[in-house]
$ cat work-v7.pdb   # PDB, N, CA, C and O atoms
ATOM      1  N   MET A1132      37.585 -26.007 -29.199
ATOM      2  CA  MET A1132      37.253 -24.981 -28.242
ATOM      3  C   MET A1132      36.825 -25.618 -26.932
ATOM      4  O   MET A1132      36.179 -26.640 -26.914
ATOM      5  N   SER A1133      37.120 -25.014 -25.848
ATOM      6  CA  SER A1133      36.775 -25.564 -24.547
ATOM      7  C   SER A1133      35.511 -24.905 -24.001
ATOM      8  O   SER A1133      35.094 -23.852 -24.455
ATOM      9  N   ASP A1134      34.916 -25.548 -23.007
ATOM     10  CA  ASP A1134      33.722 -25.006 -22.359
ATOM     11  C   ASP A1134      34.057 -23.697 -21.657
ATOM     12  O   ASP A1134      35.185 -23.459 -21.271
ATOM     13  N   SER A1135      33.013 -22.886 -21.436
ATOM     14  CA  SER A1135      33.226 -21.656 -20.696
ATOM     15  C   SER A1135      33.569 -21.969 -19.238
ATOM     16  O   SER A1135      34.168 -21.159 -18.556
ATOM     17  N   ALA A1136      33.191 -23.161 -18.759
ATOM     18  CA  ALA A1136      33.507 -23.560 -17.392
ATOM     19  C   ALA A1136      35.005 -23.745 -17.217
ATOM     20  O   ALA A1136      35.515 -23.663 -16.114
ATOM     21  N   ASP A1137      35.722 -23.976 -18.313
ATOM     22  CA  ASP A1137      37.161 -24.172 -18.247
ATOM     23  C   ASP A1137      37.920 -22.856 -18.206
ATOM     24  O   ASP A1137      39.134 -22.853 -18.075
ATOM     25  N   THR A1138      37.232 -21.722 -18.316
ATOM     26  CA  THR A1138      37.917 -20.438 -18.363
ATOM     27  C   THR A1138      38.379 -19.963 -17.001
ATOM     28  O   THR A1138      39.111 -19.002 -16.901
ATOM     29  N   GLY A1139      37.894 -20.630 -15.946
ATOM     30  CA  GLY A1139      38.269 -20.217 -14.613
ATOM     31  C   GLY A1139      37.385 -19.116 -14.069
ATOM     32  O   GLY A1139      37.575 -18.644 -12.962
ATOM     33  N   ALA A1140      36.405 -18.665 -14.867
ATOM     34  CA  ALA A1140      35.491 -17.619 -14.405
ATOM     35  C   ALA A1140      34.543 -18.202 -13.367
ATOM     36  O   ALA A1140      34.074 -19.322 -13.514
ATOM     37  N   PRO A1141      34.297 -17.461 -12.316
ATOM     38  CA  PRO A1141      33.374 -17.968 -11.289
ATOM     39  C   PRO A1141      31.944 -18.056 -11.811
ATOM     40  O   PRO A1141      31.544 -17.280 -12.678
ATOM     41  N   PHE A1142      31.215 -18.987 -11.303
ATOM     42  CA  PHE A1142      29.818 -19.166 -11.688
ATOM     43  C   PHE A1142      28.995 -18.054 -11.060
ATOM     44  O   PHE A1142      29.093 -17.797  -9.873
ATOM     45  N   ASP A1143      28.205 -17.392 -11.861
ATOM     46  CA  ASP A1143      27.382 -16.290 -11.371
ATOM     47  C   ASP A1143      25.983 -16.815 -11.102
ATOM     48  O   ASP A1143      25.217 -17.041 -12.021
ATOM     49  N   ASP A1144      25.651 -17.014  -9.822
ATOM     50  CA  ASP A1144      24.340 -17.554  -9.488
ATOM     51  C   ASP A1144      23.428 -16.506  -8.850
ATOM     52  O   ASP A1144      22.402 -16.843  -8.285
ATOM     53  N   ASP A1145      23.783 -15.227  -8.939
ATOM     54  CA  ASP A1145      22.936 -14.178  -8.372
ATOM     55  C   ASP A1145      21.554 -14.199  -8.999
ATOM     56  O   ASP A1145      20.558 -13.979  -8.325
ATOM     57  N   GLY A1146      21.474 -14.463 -10.273
ATOM     58  CA  GLY A1146      20.187 -14.534 -10.959
ATOM     59  C   GLY A1146      19.330 -15.662 -10.425
ATOM     60  O   GLY A1146      18.116 -15.535 -10.303
ATOM     61  N   VAL A1147      19.939 -16.768 -10.071
ATOM     62  CA  VAL A1147      19.210 -17.907  -9.531
ATOM     63  C   VAL A1147      18.586 -17.536  -8.198
ATOM     64  O   VAL A1147      17.421 -17.817  -7.945
ATOM     65  N   GLU A1148      19.339 -16.875  -7.348
ATOM     66  CA  GLU A1148      18.817 -16.456  -6.049
ATOM     67  C   GLU A1148      17.664 -15.486  -6.225
ATOM     68  O   GLU A1148      16.676 -15.550  -5.507
ATOM     69  N   GLU A1149      17.777 -14.573  -7.173
ATOM     70  CA  GLU A1149      16.725 -13.594  -7.423
ATOM     71  C   GLU A1149      15.457 -14.283  -7.898
ATOM     72  O   GLU A1149      14.358 -13.964  -7.443
ATOM     73  N   VAL A1150      15.568 -15.237  -8.799
ATOM     74  CA  VAL A1150      14.411 -15.978  -9.295
ATOM     75  C   VAL A1150      13.770 -16.766  -8.163
ATOM     76  O   VAL A1150      12.549 -16.778  -8.013
ATOM     77  N   ASP A1151      14.574 -17.404  -7.329
ATOM     78  CA  ASP A1151      14.039 -18.144  -6.190
ATOM     79  C   ASP A1151      13.263 -17.224  -5.263
ATOM     80  O   ASP A1151      12.201 -17.585  -4.762
ATOM     81  N   ALA A1152      13.778 -16.024  -5.009
ATOM     82  CA  ALA A1152      13.103 -15.073  -4.127
ATOM     83  C   ALA A1152      11.775 -14.637  -4.725
ATOM     84  O   ALA A1152      10.777 -14.523  -4.011
ATOM     85  N   VAL A1153      11.731 -14.408  -6.030
ATOM     86  CA  VAL A1153      10.483 -14.011  -6.687
ATOM     87  C   VAL A1153       9.471 -15.138  -6.601
ATOM     88  O   VAL A1153       8.306 -14.909  -6.267
ATOM     89  N   GLU A1154       9.908 -16.363  -6.897
ATOM     90  CA  GLU A1154       9.000 -17.502  -6.817
ATOM     91  C   GLU A1154       8.502 -17.707  -5.393
ATOM     92  O   GLU A1154       7.331 -17.992  -5.169
ATOM     93  N   THR A1155       9.378 -17.530  -4.421
ATOM     94  CA  THR A1155       8.986 -17.674  -3.027
ATOM     95  C   THR A1155       7.999 -16.577  -2.639
ATOM     96  O   THR A1155       6.997 -16.853  -1.977
ATOM     97  N   ALA A1156       8.254 -15.349  -3.044
ATOM     98  CA  ALA A1156       7.348 -14.236  -2.736
ATOM     99  C   ALA A1156       5.977 -14.482  -3.358
ATOM    100  O   ALA A1156       4.943 -14.248  -2.722
ATOM    101  N   GLU A1157       5.962 -14.978  -4.591
ATOM    102  CA  GLU A1157       4.687 -15.275  -5.252
ATOM    103  C   GLU A1157       3.946 -16.395  -4.535
ATOM    104  O   GLU A1157       2.727 -16.322  -4.368
ATOM    105  N   SER A1158       4.673 -17.409  -4.106
ATOM    106  CA  SER A1158       4.003 -18.514  -3.414
ATOM    107  C   SER A1158       3.485 -18.061  -2.048
ATOM    108  O   SER A1158       2.414 -18.490  -1.623
ATOM    109  N   ILE A1159       4.217 -17.186  -1.372
ATOM    110  CA  ILE A1159       3.741 -16.636  -0.102
ATOM    111  C   ILE A1159       2.461 -15.833  -0.338
ATOM    112  O   ILE A1159       1.491 -15.968   0.411
ATOM    113  N   ALA A1160       2.450 -15.008  -1.370
ATOM    114  CA  ALA A1160       1.259 -14.208  -1.681
ATOM    115  C   ALA A1160       0.066 -15.113  -1.963
ATOM    116  O   ALA A1160      -1.051 -14.849  -1.493
ATOM    117  N   GLU A1161       0.280 -16.181  -2.721
ATOM    118  CA  GLU A1161      -0.816 -17.118  -3.015
ATOM    119  C   GLU A1161      -1.306 -17.818  -1.748
ATOM    120  O   GLU A1161      -2.505 -18.009  -1.563
ATOM    121  N   ASP A1162      -0.376 -18.182  -0.875
ATOM    122  CA  ASP A1162      -0.752 -18.820   0.390
ATOM    123  C   ASP A1162      -1.608 -17.876   1.231
ATOM    124  O   ASP A1162      -2.606 -18.290   1.825
ATOM    125  N   VAL A1163      -1.207 -16.607   1.286
ATOM    126  CA  VAL A1163      -1.964 -15.626   2.069
ATOM    127  C   VAL A1163      -3.358 -15.444   1.465
ATOM    128  O   VAL A1163      -4.347 -15.390   2.202
ATOM    129  N   LYS A1164      -3.451 -15.395   0.141
ATOM    130  CA  LYS A1164      -4.772 -15.287  -0.514
ATOM    131  C   LYS A1164      -5.661 -16.460  -0.106
ATOM    132  O   LYS A1164      -6.825 -16.271   0.247
ATOM    133  N   ASP A1165      -5.109 -17.658  -0.191
ATOM    134  CA  ASP A1165      -5.881 -18.848   0.165
ATOM    135  C   ASP A1165      -6.330 -18.807   1.621
ATOM    136  O   ASP A1165      -7.470 -19.145   1.941
ATOM    137  N   GLU A1166      -5.420 -18.396   2.502
ATOM    138  CA  GLU A1166      -5.753 -18.343   3.921
ATOM    139  C   GLU A1166      -6.818 -17.285   4.213
ATOM    140  O   GLU A1166      -7.664 -17.479   5.084
ATOM    141  N   ILE A1167      -6.796 -16.169   3.486
ATOM    142  CA  ILE A1167      -7.833 -15.144   3.647
ATOM    143  C   ILE A1167      -9.174 -15.711   3.206
ATOM    144  O   ILE A1167     -10.187 -15.550   3.891
ATOM    145  N   ARG A1168      -9.184 -16.373   2.058
ATOM    146  CA  ARG A1168     -10.431 -16.955   1.545
ATOM    147  C   ARG A1168     -11.019 -17.976   2.519
ATOM    148  O   ARG A1168     -12.229 -18.118   2.628
ATOM    149  N   LEU A1169     -10.153 -18.689   3.219
ATOM    150  CA  LEU A1169     -10.597 -19.695   4.178
ATOM    151  C   LEU A1169     -10.921 -19.091   5.548
ATOM    152  O   LEU A1169     -11.381 -19.797   6.444
ATOM    153  N   GLY A1170     -10.668 -17.799   5.697
ATOM    154  CA  GLY A1170     -10.951 -17.131   6.959
ATOM    155  C   GLY A1170      -9.884 -17.318   8.015
ATOM    156  O   GLY A1170     -10.113 -17.051   9.187
ATOM    157  N   HIS A1171      -8.711 -17.764   7.611
ATOM    158  CA  HIS A1171      -7.636 -18.024   8.568
ATOM    159  C   HIS A1171      -6.787 -16.797   8.863
ATOM    160  O   HIS A1171      -5.993 -16.817   9.802
ATOM    161  N   VAL A1172      -6.917 -15.742   8.052
ATOM    162  CA  VAL A1172      -6.140 -14.523   8.266
ATOM    163  C   VAL A1172      -7.105 -13.419   8.665
ATOM    164  O   VAL A1172      -7.977 -13.041   7.897
ATOM    165  N   GLN A1173      -6.949 -12.943   9.889
ATOM    166  CA  GLN A1173      -7.778 -11.859  10.395
ATOM    167  C   GLN A1173      -6.966 -10.573  10.556
ATOM    168  O   GLN A1173      -7.532  -9.505  10.714
ATOM    169  N   ASP A1174      -5.652 -10.682  10.538
ATOM    170  CA  ASP A1174      -4.766  -9.537  10.726
ATOM    171  C   ASP A1174      -4.669  -8.703   9.456
ATOM    172  O   ASP A1174      -5.147  -9.097   8.385
ATOM    173  N   ASP A1175      -4.008  -7.570   9.601
ATOM    174  CA  ASP A1175      -3.704  -6.711   8.467
ATOM    175  C   ASP A1175      -2.847  -7.493   7.467
ATOM    176  O   ASP A1175      -1.837  -8.102   7.853
ATOM    177  N   VAL A1176      -3.246  -7.492   6.213
ATOM    178  CA  VAL A1176      -2.551  -8.280   5.190
ATOM    179  C   VAL A1176      -1.096  -7.833   5.049
ATOM    180  O   VAL A1176      -0.196  -8.666   4.905
ATOM    181  N   THR A1177      -0.858  -6.537   5.130
ATOM    182  CA  THR A1177       0.514  -6.036   5.027
ATOM    183  C   THR A1177       1.381  -6.627   6.128
ATOM    184  O   THR A1177       2.503  -7.078   5.883
ATOM    185  N   HIS A1178       0.857  -6.645   7.336
ATOM    186  CA  HIS A1178       1.605  -7.188   8.476
ATOM    187  C   HIS A1178       1.892  -8.681   8.279
ATOM    188  O   HIS A1178       3.010  -9.143   8.535
ATOM    189  N   VAL A1179       0.904  -9.420   7.808
ATOM    190  CA  VAL A1179       1.083 -10.856   7.566
ATOM    191  C   VAL A1179       2.165 -11.082   6.510
ATOM    192  O   VAL A1179       3.058 -11.925   6.679
ATOM    193  N   LEU A1180       2.109 -10.318   5.425
ATOM    194  CA  LEU A1180       3.118 -10.457   4.370
ATOM    195  C   LEU A1180       4.513 -10.132   4.891
ATOM    196  O   LEU A1180       5.474 -10.849   4.592
ATOM    197  N   GLU A1181       4.626  -9.039   5.644
ATOM    198  CA  GLU A1181       5.939  -8.662   6.186
ATOM    199  C   GLU A1181       6.524  -9.790   7.031
ATOM    200  O   GLU A1181       7.709 -10.112   6.911
ATOM    201  N   GLU A1182       5.684 -10.401   7.878
ATOM    202  CA  GLU A1182       6.166 -11.506   8.721
ATOM    203  C   GLU A1182       6.604 -12.697   7.881
ATOM    204  O   GLU A1182       7.654 -13.292   8.120
ATOM    205  N   ARG A1183       5.786 -13.044   6.894
ATOM    206  CA  ARG A1183       6.108 -14.213   6.057
ATOM    207  C   ARG A1183       7.374 -13.973   5.250
ATOM    208  O   ARG A1183       8.209 -14.872   5.095
ATOM    209  N   PHE A1184       7.517 -12.762   4.693
ATOM    210  CA  PHE A1184       8.719 -12.451   3.915
ATOM    211  C   PHE A1184       9.956 -12.472   4.806
ATOM    212  O   PHE A1184      11.009 -12.961   4.404
ATOM    213  N   GLU A1185       9.832 -11.939   6.011
ATOM    214  CA  GLU A1185      10.963 -11.944   6.937
ATOM    215  C   GLU A1185      11.385 -13.371   7.266
ATOM    216  O   GLU A1185      12.572 -13.702   7.271
ATOM    217  N   GLU A1186      10.401 -14.245   7.514
ATOM    218  CA  GLU A1186      10.704 -15.654   7.810
ATOM    219  C   GLU A1186      11.412 -16.327   6.646
ATOM    220  O   GLU A1186      12.257 -17.198   6.847
ATOM    221  N   ALA A1187      11.041 -15.927   5.415
ATOM    222  CA  ALA A1187      11.641 -16.528   4.222
ATOM    223  C   ALA A1187      12.949 -15.854   3.822
ATOM    224  O   ALA A1187      13.605 -16.283   2.872
ATOM    225  N   GLY A1188      13.328 -14.789   4.529
ATOM    226  CA  GLY A1188      14.568 -14.088   4.201
ATOM    227  C   GLY A1188      14.448 -13.197   2.985
ATOM    228  O   GLY A1188      15.434 -12.896   2.326
ATOM    229  N   ILE A1189      13.230 -12.747   2.688
ATOM    230  CA  ILE A1189      12.992 -11.883   1.532
ATOM    231  C   ILE A1189      12.864 -10.455   2.035
ATOM    232  O   ILE A1189      12.083 -10.159   2.930
ATOM    233  N   ASP A1190      13.642  -9.552   1.437
ATOM    234  CA  ASP A1190      13.647  -8.154   1.847
ATOM    235  C   ASP A1190      13.039  -7.307   0.738
ATOM    236  O   ASP A1190      13.648  -7.122  -0.310
ATOM    237  N   LEU A1191      11.814  -6.832   0.972
ATOM    238  CA  LEU A1191      11.145  -5.959   0.013
ATOM    239  C   LEU A1191      10.940  -4.588   0.628
ATOM    240  O   LEU A1191      10.807  -4.461   1.849
ATOM    241  N   ARG A1192      10.898  -3.580  -0.231
ATOM    242  CA  ARG A1192      10.591  -2.236   0.248
ATOM    243  C   ARG A1192       9.186  -2.226   0.839
ATOM    244  O   ARG A1192       8.298  -2.920   0.356
ATOM    245  N   PRO A1193       8.949  -1.436   1.884
ATOM    246  CA  PRO A1193       7.614  -1.362   2.489
ATOM    247  C   PRO A1193       6.524  -0.997   1.480
ATOM    248  O   PRO A1193       5.408  -1.512   1.552
ATOM    249  N   GLU A1194       6.859  -0.134   0.526
ATOM    250  CA  GLU A1194       5.882   0.256  -0.492
ATOM    251  C   GLU A1194       5.477  -0.934  -1.362
ATOM    252  O   GLU A1194       4.322  -1.073  -1.742
ATOM    253  N   ALA A1195       6.442  -1.796  -1.661
ATOM    254  CA  ALA A1195       6.155  -2.975  -2.471
ATOM    255  C   ALA A1195       5.256  -3.944  -1.708
ATOM    256  O   ALA A1195       4.340  -4.544  -2.287
ATOM    257  N   VAL A1196       5.494  -4.086  -0.413
ATOM    258  CA  VAL A1196       4.665  -4.963   0.409
ATOM    259  C   VAL A1196       3.249  -4.397   0.493
ATOM    260  O   VAL A1196       2.265  -5.139   0.371
ATOM    261  N   ASP A1197       3.140  -3.075   0.675
ATOM    262  CA  ASP A1197       1.818  -2.427   0.721
ATOM    263  C   ASP A1197       1.060  -2.636  -0.587
ATOM    264  O   ASP A1197      -0.136  -2.953  -0.578
ATOM    265  N   ASP A1198       1.751  -2.453  -1.707
ATOM    266  CA  ASP A1198       1.113  -2.642  -3.015
ATOM    267  C   ASP A1198       0.635  -4.075  -3.193
ATOM    268  O   ASP A1198      -0.469  -4.316  -3.681
ATOM    269  N   LEU A1199       1.457  -5.026  -2.790
ATOM    270  CA  LEU A1199       1.092  -6.431  -2.908
ATOM    271  C   LEU A1199      -0.096  -6.751  -2.007
ATOM    272  O   LEU A1199      -1.021  -7.465  -2.412
ATOM    273  N   ALA A1200      -0.100  -6.196  -0.805
ATOM    274  CA  ALA A1200      -1.218  -6.420   0.120
ATOM    275  C   ALA A1200      -2.522  -5.878  -0.473
ATOM    276  O   ALA A1200      -3.563  -6.538  -0.408
ATOM    277  N   GLU A1201      -2.467  -4.692  -1.072
ATOM    278  CA  GLU A1201      -3.655  -4.114  -1.699
ATOM    279  C   GLU A1201      -4.140  -4.989  -2.852
ATOM    280  O   GLU A1201      -5.344  -5.201  -3.019
ATOM    281  N   GLU A1202      -3.201  -5.495  -3.640
ATOM    282  CA  GLU A1202      -3.554  -6.367  -4.763
ATOM    283  C   GLU A1202      -4.229  -7.648  -4.260
ATOM    284  O   GLU A1202      -5.229  -8.103  -4.815
ATOM    285  N   ILE A1203      -3.682  -8.223  -3.204
ATOM    286  CA  ILE A1203      -4.258  -9.439  -2.620
ATOM    287  C   ILE A1203      -5.670  -9.168  -2.114
ATOM    288  O   ILE A1203      -6.589  -9.936  -2.371
ATOM    289  N   GLU A1204      -5.839  -8.049  -1.410
ATOM    290  CA  GLU A1204      -7.159  -7.701  -0.883
ATOM    291  C   GLU A1204      -8.175  -7.516  -2.012
ATOM    292  O   GLU A1204      -9.319  -7.940  -1.903
ATOM    293  N   ARG A1205      -7.755  -6.877  -3.116
ATOM    294  CA  ARG A1205      -8.644  -6.705  -4.281
ATOM    295  C   ARG A1205      -9.013  -8.054  -4.879
ATOM    296  O   ARG A1205     -10.175  -8.314  -5.200
ATOM    297  N   ASP A1206      -8.014  -8.929  -5.047
ATOM    298  CA  ASP A1206      -8.257 -10.244  -5.641
ATOM    299  C   ASP A1206      -9.218 -11.066  -4.797
ATOM    300  O   ASP A1206     -10.103 -11.734  -5.328
ATOM    301  N   VAL A1207      -9.038 -11.027  -3.494
ATOM    302  CA  VAL A1207      -9.851 -11.834  -2.597
ATOM    303  C   VAL A1207     -11.284 -11.301  -2.523
ATOM    304  O   VAL A1207     -12.228 -12.073  -2.429
ATOM    305  N   SER A1208     -11.429  -9.978  -2.589
ATOM    306  CA  SER A1208     -12.766  -9.397  -2.450
ATOM    307  C   SER A1208     -13.593  -9.486  -3.725
ATOM    308  O   SER A1208     -14.811  -9.325  -3.672
ATOM    309  N   SER A1209     -12.980  -9.774  -4.838
ATOM    310  CA  SER A1209     -13.746  -9.860  -6.094
ATOM    311  C   SER A1209     -14.232 -11.237  -6.415
ATOM    312  O   SER A1209     -14.020 -12.191  -5.796
TER     313      SER A1209
END
$ encode --input "work-v7.pdb" --output "structure tokens"
Amino acid sequence: MSDSADTGAPFDDDGVEEVDAVETAESIAEDVKDEIRLGHVQDDVTHVLEERFEEAGIDLRPEAVDDLAEEIERDVSS
């Protein structure tokens, strides 16, 4: 039997890109948490996240960004 790579089917890497985006979004969120704790972020957390995600090429729904910002604010304040 031959490898599946020999079938001529294209490699599906959409899952890889999705995982990279999730890992990047998580690392951005952690960076923002750290910067808030250090007093380096004075702006609205939602706005900071939107800018960072845009720079990283990550497109999230505004509601998802708002939810993440609220979660970060809760984590930092506790």
$ residues_around --input "work-v7.pdb" --residues "region 1167-1179 of chain A" --least-positions-apart "5" --cutoff "7 Å" --atoms "all atoms listed in the file" --output "count of residues only"
9
$ atom_distance --input "work-v7.pdb" --atom1 "CA of Ile1203 (chain A)" --atom2 "CA of Lys1164 (chain A)"
6.2 Å
$ axis_aligned_box --input "work-v7.pdb" --around "region 1191-1200 of chain A" --padding-each-side "5 Å" --output "AutoDock Vina command-line options"
--center_x 4.1 --center_y -3.6 --center_z -0.6 --size_x 25.4 --size_y 17.7 --size_z 16.2
$ atom_distance --input "work-v7.pdb" --atom1 "atom N of Ile1189 (chain A)" --atom2 "atom O of Ala1160 (chain A)"
15.0 Å
$ atom_distance --input "work-v7.pdb" --atom1 "atom C of Leu1180 (chain A)" --atom2 "CA of Glu1204 (chain A)"
13.2 Å
